[in-house]
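Enquirer: Okay, handing you the structure first.
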Amino acid sequence: MQAILNSYREQLPTEIAGVTVVRVEDYLTGVATRSDGHTETILLPKENVLKFILEDHSWVTIRPSGTEPKCKFYFGVVKPSKAQADKAINRLKGYFA
């Protein structure tokens, strides 16, 4: 689990499933970094969590499970229809499969 999260921290993706990453929030370090390099402090408790916010307002959050030896991935999308949202979610899931 730690190795997976560390690999993302060491090599931050610039795009996910063909969509540009515009912001990365690292709750372990307490720093959010925009694609232009600007950083901001995250004023929430420190946790081993990474959140990637994409140009199309979609997002992906990765965290270790608290009860099992695996990482959990959470996805959110903003689309005009359920069909488009389902397609976008499946595209994100496929990227991390």
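In the structure tokens, chains take letters A, B, ... by order of appearance, with residues numbered from 1 within each chain and ligands from 1 in the order shown.
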If you run DSSP over the backbone, which residues in chain A end up strand (DSSP E)? Put them as number ranges by chain.

Expert: A: 15-16, 19-26, 31-34, 39-41, 50-54, 59-64, 71-76

Enquirer: Output the selection as a PDB file, in the first residue's frame - C-alpha atoms for each residue.

Expert:
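File produced: result37.pdb:
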ATOM      1  CA  GLU A  15      -2.726  13.423 -16.884  1.00  0.00           C
ATOM      2  CA  ILE A  16      -5.058  10.613 -15.923  1.00  0.00           C
ATOM      3  CA  VAL A  19      -7.396  14.351 -18.894  1.00  0.00           C
ATOM      4  CA  THR A  20      -4.902  16.905 -17.536  1.00  0.00           C
ATOM      5  CA  VAL A  21      -4.265  16.926 -13.773  1.00  0.00           C
ATOM      6  CA  VAL A  22      -4.686  20.532 -12.604  1.00  0.00           C
ATOM      7  CA  ARG A  23      -4.169  20.036  -8.866  1.00  0.00           C
ATOM      8  CA  VAL A  24      -2.695  17.389  -6.575  1.00  0.00           C
ATOM      9  CA  GLU A  25      -3.615  17.415  -2.889  1.00  0.00           C
ATOM     10  CA  ASP A  26      -1.244  15.443  -0.655  1.00  0.00           C
ATOM     11  CA  VAL A  31       0.418  20.608   0.478  1.00  0.00           C
ATOM     12  CA  ALA A  32      -1.749  21.132  -2.605  1.00  0.00           C
ATOM     13  CA  THR A  33       0.143  21.741  -5.843  1.00  0.00           C
ATOM     14  CA  ARG A  34      -1.423  23.207  -8.979  1.00  0.00           C
ATOM     15  CA  THR A  39       1.404  25.469  -3.781  1.00  0.00           C
ATOM     16  CA  GLU A  40      -1.076  25.963  -0.967  1.00  0.00           C
ATOM     17  CA  THR A  41      -1.304  24.590   2.547  1.00  0.00           C
ATOM     18  CA  LEU A  50      -3.635  11.712  -2.417  1.00  0.00           C
ATOM     19  CA  LYS A  51      -6.297  13.535  -4.427  1.00  0.00           C
ATOM     20  CA  PHE A  52      -5.936  14.356  -8.116  1.00  0.00           C
ATOM     21  CA  ILE A  53      -8.260  17.021  -9.529  1.00  0.00           C
ATOM     22  CA  LEU A  54      -8.612  16.960 -13.299  1.00  0.00           C
ATOM     23  CA  TRP A  59     -11.250  13.773  -9.317  1.00  0.00           C
ATOM     24  CA  VAL A  60      -9.552  10.643  -7.988  1.00  0.00           C
ATOM     25  CA  THR A  61      -8.631  10.023  -4.364  1.00  0.00           C
ATOM     26  CA  ILE A  62      -6.311   7.212  -3.246  1.00  0.00           C
ATOM     27  CA  ARG A  63      -5.840   6.032   0.318  1.00  0.00           C
ATOM     28  CA  PRO A  64      -4.726   2.855   2.065  1.00  0.00           C
ATOM     29  CA  CYS A  71      -5.444   0.810  -1.574  1.00  0.00           C
ATOM     30  CA  LYS A  72      -8.886   2.272  -2.049  1.00  0.00           C
ATOM     31  CA  PHE A  73      -9.693   4.492  -5.010  1.00  0.00           C
ATOM     32  CA  TYR A  74     -12.572   6.973  -5.028  1.00  0.00           C
ATOM     33  CA  PHE A  75     -13.798   8.705  -8.188  1.00  0.00           C
ATOM     34  CA  GLY A  76     -15.991  11.710  -8.861  1.00  0.00           C
TER      35      GLY A  76
END

Enquirer: Interatomic distance between CA of Ala85 in chain A and CA of Asp36 in chain A?

Expert: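 Interatomic distance here is 27.4 Å.
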
Enquirer: In Å, with one decimal, what is the gap from CA of Pro80 in chain A to CA of His57 in chain A?

Expert: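 These two atoms are separated by 12.2 Å.
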
Enquirer: Determine which residues of chain A DSSP labels as alpha helix (DSSP H) from the backbone of this structure, then write them out as a PyMOL selection string.

Expert: chain A and resi 2-10+82-96

Enquirer: Kindly give the distance, in Å, that separates CA of Tyr27 in chain A and CA of Glu47 in chain A, rounded to a single decimal.

Expert: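 Here the two named atoms are 5.3 Å from each other.
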
Enquirer: Tell me which protein, DNA and RNA residues are within 8 Å of Tyr95 in chain A, counting only C-alpha atoms, leaving out same-chain ones fewer than 2 positions away, and put them as a compact mmCIF listing (two decimals) with all heavy atoms, in the first residue's frame.

Expert:
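Saved result, out.txt, follows:
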# COMPACT_ATOMS: atom_id res chain seq x y z
N ILE A 16 -4.46 11.88 -16.32
CA ILE A 16 -5.06 10.61 -15.92
C ILE A 16 -6.17 10.32 -16.92
O ILE A 16 -7.06 11.15 -17.12
CB ILE A 16 -5.61 10.67 -14.48
CG1 ILE A 16 -4.46 10.83 -13.48
CG2 ILE A 16 -6.45 9.43 -14.16
CD1 ILE A 16 -4.90 11.03 -12.04
N ALA A 17 -6.09 9.17 -17.55
CA ALA A 17 -7.09 8.74 -18.54
C ALA A 17 -7.30 9.80 -19.62
O ALA A 17 -8.41 10.04 -20.06
CB ALA A 17 -8.41 8.38 -17.85
N ARG A 91 -13.87 5.14 -17.53
CA ARG A 91 -12.57 5.50 -18.09
C ARG A 91 -11.54 5.68 -16.97
O ARG A 91 -10.41 5.19 -17.06
CB ARG A 91 -12.70 6.79 -18.91
CG ARG A 91 -11.46 7.15 -19.70
CD ARG A 91 -11.60 8.47 -20.44
NE ARG A 91 -11.49 9.55 -19.49
CZ ARG A 91 -12.46 10.44 -19.21
NH1 ARG A 91 -13.62 10.39 -19.81
NH2 ARG A 91 -12.27 11.38 -18.33
N LEU A 92 -11.94 6.35 -15.88
CA LEU A 92 -11.02 6.54 -14.75
C LEU A 92 -10.69 5.21 -14.09
O LEU A 92 -9.52 4.94 -13.78
CB LEU A 92 -11.63 7.50 -13.73
CG LEU A 92 -11.72 8.96 -14.15
CD1 LEU A 92 -12.51 9.76 -13.11
CD2 LEU A 92 -10.34 9.56 -14.35
N LYS A 93 -11.69 4.38 -13.86
CA LYS A 93 -11.45 3.07 -13.25
C LYS A 93 -10.50 2.24 -14.11
O LYS A 93 -9.61 1.58 -13.60
CB LYS A 93 -12.77 2.32 -13.07
CG LYS A 93 -13.63 2.84 -11.96
CD LYS A 93 -14.91 2.04 -11.86
CE LYS A 93 -15.82 2.52 -10.78
NZ LYS A 93 -17.07 1.73 -10.72
N ALA A 97 -6.83 0.26 -13.33
CA ALA A 97 -6.99 -1.19 -13.25
C ALA A 97 -5.69 -1.92 -13.53
O ALA A 97 -4.81 -1.46 -14.16
CB ALA A 97 -8.05 -1.65 -14.24
